[in-house]
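What follows is one structure encoded as structure tokens, with my remarks underneath.
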Amino acid sequence: MKVAGFSFIRNAIQYDYPIVEAILSVLPICDEFVIAVGRSDDATLALIQAINSPKIRIIETVWDDTLREGGRVLAVETDKALAAISPDADWAFYIQGDEVLPEEYLPEVRRAMAQYLDQPQVEGLLFKYRHFYGSYRYVADSRKWYRREVRIVRNTGNVVAYRDAQGFRTRDNRKLNVKLIDAYMHHYGWVKPPEKQAGKLSNFGRYWHTDQQMEQVRQELKDFDYSGIDSLALFTGQHPQVMQERINRTNWNFQYDIRQKKLSFKNRVLSIVEAVTGWRVGEYRNYKLV
């Protein structure tokens with residue numbers, strides 16, 4: 001069984017992406033890792049080169065900043081990396097620049113890939129998610145955060161990134177048939193110094209909004225803080241080992257009263273239903289469980 005990891009990145013230092021930690025977290029179960037490094041305004045390329053692993057293959061790219069509808073450029077860059085992995089790879093393991101796989105799930109991920117290797121009807125593996133917010137102490141727990149996403153796909157050449165690269169579909173726009181595995185991906189995209197977060201949102205917003213809309217976004221971001229979140233819970237588990245140095249460098253303080261819930265009556269009821277039954281009513285699923 002051959003496994004190829006892949007990802008994309010641009011301006012990782014400027015916007016404080018844990019891309020090095022992301023790559024290192026999955027590298028132990030990858031035979032190769034392809035990373036599409038977009039032309040950046042900082043030393044992102046040197047940052048990736050410094051990982052200095054023979055498994056890593058860098059392709060340098062230039063982002064098409066005219067692709068401003070629905071984050072399409074992110075899918076284009078993802079597809080560049082996916083297309084560059086070795087054709088003899090059985091599985092392609094995707095990880096985004098703000099995601100990290102805890103090491104305790106590596107054996108389960110490897111086991112699942114081996115289990116379904118000779119079952120071509122299984123086109124991908126679905127991960128559970130923890131979305132950290134504001135600090136490494138809190139996880140977002142309201143319905144607006146996706147619970148699961150496909151991060152491993154079969155390397156058939158018929159799979160492409162969908163919309164803003166949150167997930168994947170076949171080239172003819174069919175949802176992938178996937179198996180849910182007992183592994184969590186940690187999403188750290190909303191944990192960074194407030195000024196870095198504001199800068200990231202201001203920059204990336206242009207891939208979803210017009211220039212006129214971005215003016216309003218930038219005005220709103222001038223006073224950005226994390227306290228406007230609707231619902232958080234305390235995280236009582238362990239963070240991945242590769243994240244410890246970054247966590248130790250934390251230089252801002254965010255405190256939140258987890259008893260504070262800014263949910264509508266409808267969402268309160270739906271949250272209770274989910275807590276009792278495990279069923280998320282009306283959940284968006286860009287995949288088909290088999």
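Ligands are numbered from 1 in the order shown, residues from 1 within each chain, and chains are lettered A, B, ... in the order they appear in the structure tokens.
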
Quick one: DSSP strand (DSSP E) residues in region 107-233 of chain A, as number ranges by chain? A: 124-133, 138-140, 148-154, 159-162, 167-170, 177-190, 232-233

Tell me, as a PyMOL selection string, which residues lie within 12 Å of region 270-283 of chain A, counting only C-alpha atoms; anything in the same chain fewer than 2 positions away does not count. chain A and resi 141-148+231+261+263-268+285-287

Residue among A:Leu289, A:Ile23, A:Val139, A:Ile181 lying closest to Ala233 (chain A), counting only C-alpha atoms: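 Closest residue, counting only C-alpha atoms: A:Val139.
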
Any chance you could list, as a PyMOL selection string, the residues in region 65-212 of chain A that come up alpha helix (DSSP H) when DSSP is run on the backbone? chain A and resi 72-84+106-115+194-204+211-212

Generate the output file for the selected residues, N, CA and C atoms, as a tab-separated table (two decimals), in the first residue's frame.
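Ended up saving to again_4.tsv:
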```tsv
chain	number	residue	atom	x	y	z
A	72	ARG	N	-12.72	29.58	-5.15
A	72	ARG	CA	-12.34	28.61	-6.19
A	72	ARG	C	-10.84	28.42	-6.30
A	73	VAL	N	-10.06	29.47	-6.06
A	73	VAL	CA	-8.61	29.35	-6.21
A	73	VAL	C	-8.03	28.31	-5.26
A	74	LEU	N	-8.66	28.09	-4.12
A	74	LEU	CA	-8.16	27.11	-3.16
A	74	LEU	C	-8.30	25.69	-3.73
A	75	ALA	N	-9.40	25.44	-4.43
A	75	ALA	CA	-9.58	24.15	-5.07
A	75	ALA	C	-8.58	23.96	-6.21
A	76	VAL	N	-8.32	25.01	-6.96
A	76	VAL	CA	-7.36	24.94	-8.06
A	76	VAL	C	-5.98	24.56	-7.54
A	77	GLU	N	-5.56	25.19	-6.45
A	77	GLU	CA	-4.25	24.88	-5.87
A	77	GLU	C	-4.20	23.48	-5.28
A	78	THR	N	-5.30	23.07	-4.67
A	78	THR	CA	-5.38	21.70	-4.15
A	78	THR	C	-5.22	20.69	-5.27
A	79	ASP	N	-5.90	20.95	-6.39
A	79	ASP	CA	-5.84	20.02	-7.53
A	79	ASP	C	-4.44	19.96	-8.14
A	80	LYS	N	-3.70	21.05	-8.07
A	80	LYS	CA	-2.33	21.03	-8.58
A	80	LYS	C	-1.49	20.04	-7.77
A	81	ALA	N	-1.65	20.07	-6.46
A	81	ALA	CA	-0.88	19.15	-5.60
A	81	ALA	C	-1.34	17.71	-5.81
A	82	LEU	N	-2.66	17.50	-5.88
A	82	LEU	CA	-3.19	16.15	-6.07
A	82	LEU	C	-2.71	15.55	-7.39
A	83	ALA	N	-2.69	16.36	-8.44
A	83	ALA	CA	-2.27	15.88	-9.76
A	83	ALA	C	-0.79	15.51	-9.80
A	84	ALA	N	-0.01	16.07	-8.86
A	84	ALA	CA	1.45	15.86	-8.88
A	84	ALA	C	1.90	14.66	-8.07
A	106	LEU	N	-2.90	7.91	14.22
A	106	LEU	CA	-2.14	7.36	13.09
A	106	LEU	C	-2.39	5.86	12.88
A	107	PRO	N	-2.36	5.04	13.94
A	107	PRO	CA	-2.62	3.60	13.72
A	107	PRO	C	-4.00	3.32	13.14
A	108	GLU	N	-5.02	4.05	13.60
A	108	GLU	CA	-6.38	3.84	13.09
A	108	GLU	C	-6.49	4.25	11.64
A	109	VAL	N	-5.85	5.35	11.27
A	109	VAL	CA	-5.89	5.79	9.88
A	109	VAL	C	-5.20	4.77	8.98
A	110	ARG	N	-4.05	4.30	9.40
A	110	ARG	CA	-3.34	3.28	8.62
A	110	ARG	C	-4.18	2.00	8.51
A	111	ARG	N	-4.78	1.60	9.61
A	111	ARG	CA	-5.60	0.38	9.61
A	111	ARG	C	-6.76	0.51	8.64
A	112	ALA	N	-7.43	1.67	8.64
A	112	ALA	CA	-8.59	1.88	7.76
A	112	ALA	C	-8.18	1.86	6.30
A	113	MET	N	-7.05	2.48	5.97
A	113	MET	CA	-6.58	2.46	4.59
A	113	MET	C	-6.29	1.04	4.13
A	114	ALA	N	-5.69	0.24	5.01
A	114	ALA	CA	-5.39	-1.14	4.67
A	114	ALA	C	-6.68	-1.96	4.54
A	115	GLN	N	-7.63	-1.71	5.43
A	115	GLN	CA	-8.89	-2.46	5.42
A	115	GLN	C	-9.66	-2.27	4.12
A	194	PRO	N	-4.97	37.75	17.58
A	194	PRO	CA	-6.09	38.46	16.95
A	194	PRO	C	-5.70	39.28	15.73
A	195	GLU	N	-4.53	39.93	15.79
A	195	GLU	CA	-4.13	40.76	14.64
A	195	GLU	C	-3.79	39.89	13.43
A	196	LYS	N	-3.25	38.70	13.68
A	196	LYS	CA	-2.97	37.77	12.58
A	196	LYS	C	-4.28	37.23	12.00
A	197	GLN	N	-5.23	36.96	12.88
A	197	GLN	CA	-6.53	36.47	12.42
A	197	GLN	C	-7.24	37.52	11.57
A	198	ALA	N	-7.18	38.76	12.01
A	198	ALA	CA	-7.80	39.84	11.25
A	198	ALA	C	-7.14	39.98	9.88
A	199	GLY	N	-5.81	39.89	9.85
A	199	GLY	CA	-5.09	39.99	8.59
A	199	GLY	C	-5.44	38.85	7.65
A	200	LYS	N	-5.52	37.65	8.18
A	200	LYS	CA	-5.88	36.49	7.36
A	200	LYS	C	-7.28	36.65	6.79
A	201	LEU	N	-8.25	37.03	7.64
A	201	LEU	CA	-9.62	37.18	7.17
A	201	LEU	C	-9.74	38.28	6.13
A	202	SER	N	-9.00	39.35	6.34
A	202	SER	CA	-9.01	40.46	5.38
A	202	SER	C	-8.43	40.03	4.04
A	203	ASN	N	-7.38	39.22	4.07
A	203	ASN	CA	-6.74	38.77	2.84
A	203	ASN	C	-7.59	37.72	2.13
A	204	PHE	N	-7.99	36.69	2.87
A	204	PHE	CA	-8.70	35.59	2.23
A	204	PHE	C	-10.13	35.93	1.86
A	211	ASP	N	-14.69	43.68	-4.30
A	211	ASP	CA	-13.91	44.77	-3.70
A	211	ASP	C	-14.80	45.62	-2.80
A	212	GLN	N	-16.01	45.90	-3.26
A	212	GLN	CA	-16.93	46.72	-2.46
A	212	GLN	C	-17.28	46.03	-1.15
```

With a distance cut-off of 12 Å and only C-alpha atoms, select the neighbouring residues of region 1-4 of chain A, excluding the residue or stretch itself and same-chain residues fewer than 4 positions from it, and output the selection as a VMD selection string. chain A and resid 23 26 to 35 55 to 57 81 to 95 109 to 118 151 to 155

Residues from last step as file, C-alpha atoms, as a JSON list (two decimals), in the first residue's frame:
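Writing the result to out_28.json gives the following:
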```json
[["chain", "number", "residue", "atom", "x", "y", "z"],
["A", 23, "ILE", "CA", 2.81, 18.11, 7.30],
["A", 26, "VAL", "CA", 0.77, 12.93, 8.68],
["A", 27, "LEU", "CA", 4.27, 12.32, 7.33],
["A", 28, "PRO", "CA", 4.81, 9.10, 9.35],
["A", 29, "ILE", "CA", 2.13, 7.26, 7.35],
["A", 30, "CYS", "CA", 2.96, 8.85, 3.97],
["A", 31, "ASP", "CA", 5.47, 7.46, 1.49],
["A", 32, "GLU", "CA", 5.63, 10.88, -0.15],
["A", 33, "PHE", "CA", 4.16, 14.31, 0.43],
["A", 34, "VAL", "CA", 3.48, 16.85, -2.31],
["A", 35, "ILE", "CA", 3.03, 20.49, -1.29],
["A", 55, "LYS", "CA", 9.50, 12.34, 1.42],
["A", 56, "ILE", "CA", 8.56, 15.94, 0.63],
["A", 57, "ARG", "CA", 8.29, 17.20, -2.92],
["A", 81, "ALA", "CA", -0.88, 19.15, -5.60],
["A", 82, "LEU", "CA", -3.19, 16.15, -6.07],
["A", 83, "ALA", "CA", -2.27, 15.88, -9.76],
["A", 84, "ALA", "CA", 1.45, 15.86, -8.88],
["A", 85, "ILE", "CA", 1.44, 12.85, -6.57],
["A", 86, "SER", "CA", 2.86, 9.58, -7.91],
["A", 87, "PRO", "CA", 0.37, 7.69, -10.07],
["A", 88, "ASP", "CA", 1.12, 4.43, -8.27],
["A", 89, "ALA", "CA", -0.08, 5.79, -4.91],
["A", 90, "ASP", "CA", -3.16, 3.94, -3.66],
["A", 91, "TRP", "CA", -4.43, 6.63, -1.32],
["A", 92, "ALA", "CA", -4.06, 10.42, -1.31],
["A", 93, "PHE", "CA", -4.09, 11.99, 2.16],
["A", 94, "TYR", "CA", -5.12, 15.65, 2.09],
["A", 95, "ILE", "CA", -4.40, 18.04, 4.94],
["A", 109, "VAL", "CA", -5.89, 5.79, 9.88],
["A", 110, "ARG", "CA", -3.34, 3.28, 8.62],
["A", 111, "ARG", "CA", -5.60, 0.38, 9.61],
["A", 112, "ALA", "CA", -8.59, 1.88, 7.76],
["A", 113, "MET", "CA", -6.58, 2.46, 4.59],
["A", 114, "ALA", "CA", -5.39, -1.14, 4.67],
["A", 115, "GLN", "CA", -8.89, -2.46, 5.42],
["A", 116, "TYR", "CA", -10.50, -0.72, 2.45],
["A", 117, "LEU", "CA", -7.56, -0.95, 0.05],
["A", 118, "ASP", "CA", -9.13, -3.78, -1.96],
["A", 151, "ARG", "CA", -9.44, 13.83, 3.95],
["A", 152, "ILE", "CA", -8.31, 10.60, 2.30],
["A", 153, "VAL", "CA", -9.33, 9.78, -1.27],
["A", 154, "ARG", "CA", -8.55, 6.88, -3.57],
["A", 155, "ASN", "CA", -5.94, 7.93, -6.13]]
```

Would you pick out the contacts of Asn11 (chain A) at 6 Å or less, using only C-alpha atoms, so that residues sharing its chain but fewer than 4 positions from it are not included, and give the list as JSON, numbers by chain? {"A": [40, 42, 44]}

Keeping only all heavy atoms, take the residues you just selected and write them out as a PDB file, in the first residue's frame.
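Generated file (again_6.pdb):
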```
ATOM      1  N   SER A  40       4.787  33.712  -2.537  1.00  0.00           N
ATOM      2  CA  SER A  40       4.365  34.359  -1.295  1.00  0.00           C
ATOM      3  C   SER A  40       5.057  35.697  -1.074  1.00  0.00           C
ATOM      4  O   SER A  40       6.043  36.038  -1.742  1.00  0.00           O
ATOM      5  CB  SER A  40       4.647  33.435  -0.104  1.00  0.00           C
ATOM      6  OG  SER A  40       3.948  32.208  -0.229  1.00  0.00           O
ATOM      7  N   ASP A  42       6.293  36.307   1.888  1.00  0.00           N
ATOM      8  CA  ASP A  42       7.162  36.017   3.026  1.00  0.00           C
ATOM      9  C   ASP A  42       8.048  34.821   2.660  1.00  0.00           C
ATOM     10  O   ASP A  42       8.146  34.451   1.489  1.00  0.00           O
ATOM     11  CB  ASP A  42       6.335  35.759   4.295  1.00  0.00           C
ATOM     12  CG  ASP A  42       5.355  34.597   4.121  1.00  0.00           C
ATOM     13  OD1 ASP A  42       5.547  33.774   3.189  1.00  0.00           O
ATOM     14  OD2 ASP A  42       4.396  34.488   4.907  1.00  0.00           O
ATOM     15  N   THR A  44       7.732  31.627   3.010  1.00  0.00           N
ATOM     16  CA  THR A  44       7.019  30.353   3.099  1.00  0.00           C
ATOM     17  C   THR A  44       7.782  29.223   2.415  1.00  0.00           C
ATOM     18  O   THR A  44       7.883  28.110   2.952  1.00  0.00           O
ATOM     19  CB  THR A  44       5.610  30.477   2.493  1.00  0.00           C
ATOM     20  OG1 THR A  44       4.826  31.367   3.302  1.00  0.00           O
ATOM     21  CG2 THR A  44       4.915  29.125   2.434  1.00  0.00           C
TER      22      THR A  44
END
```
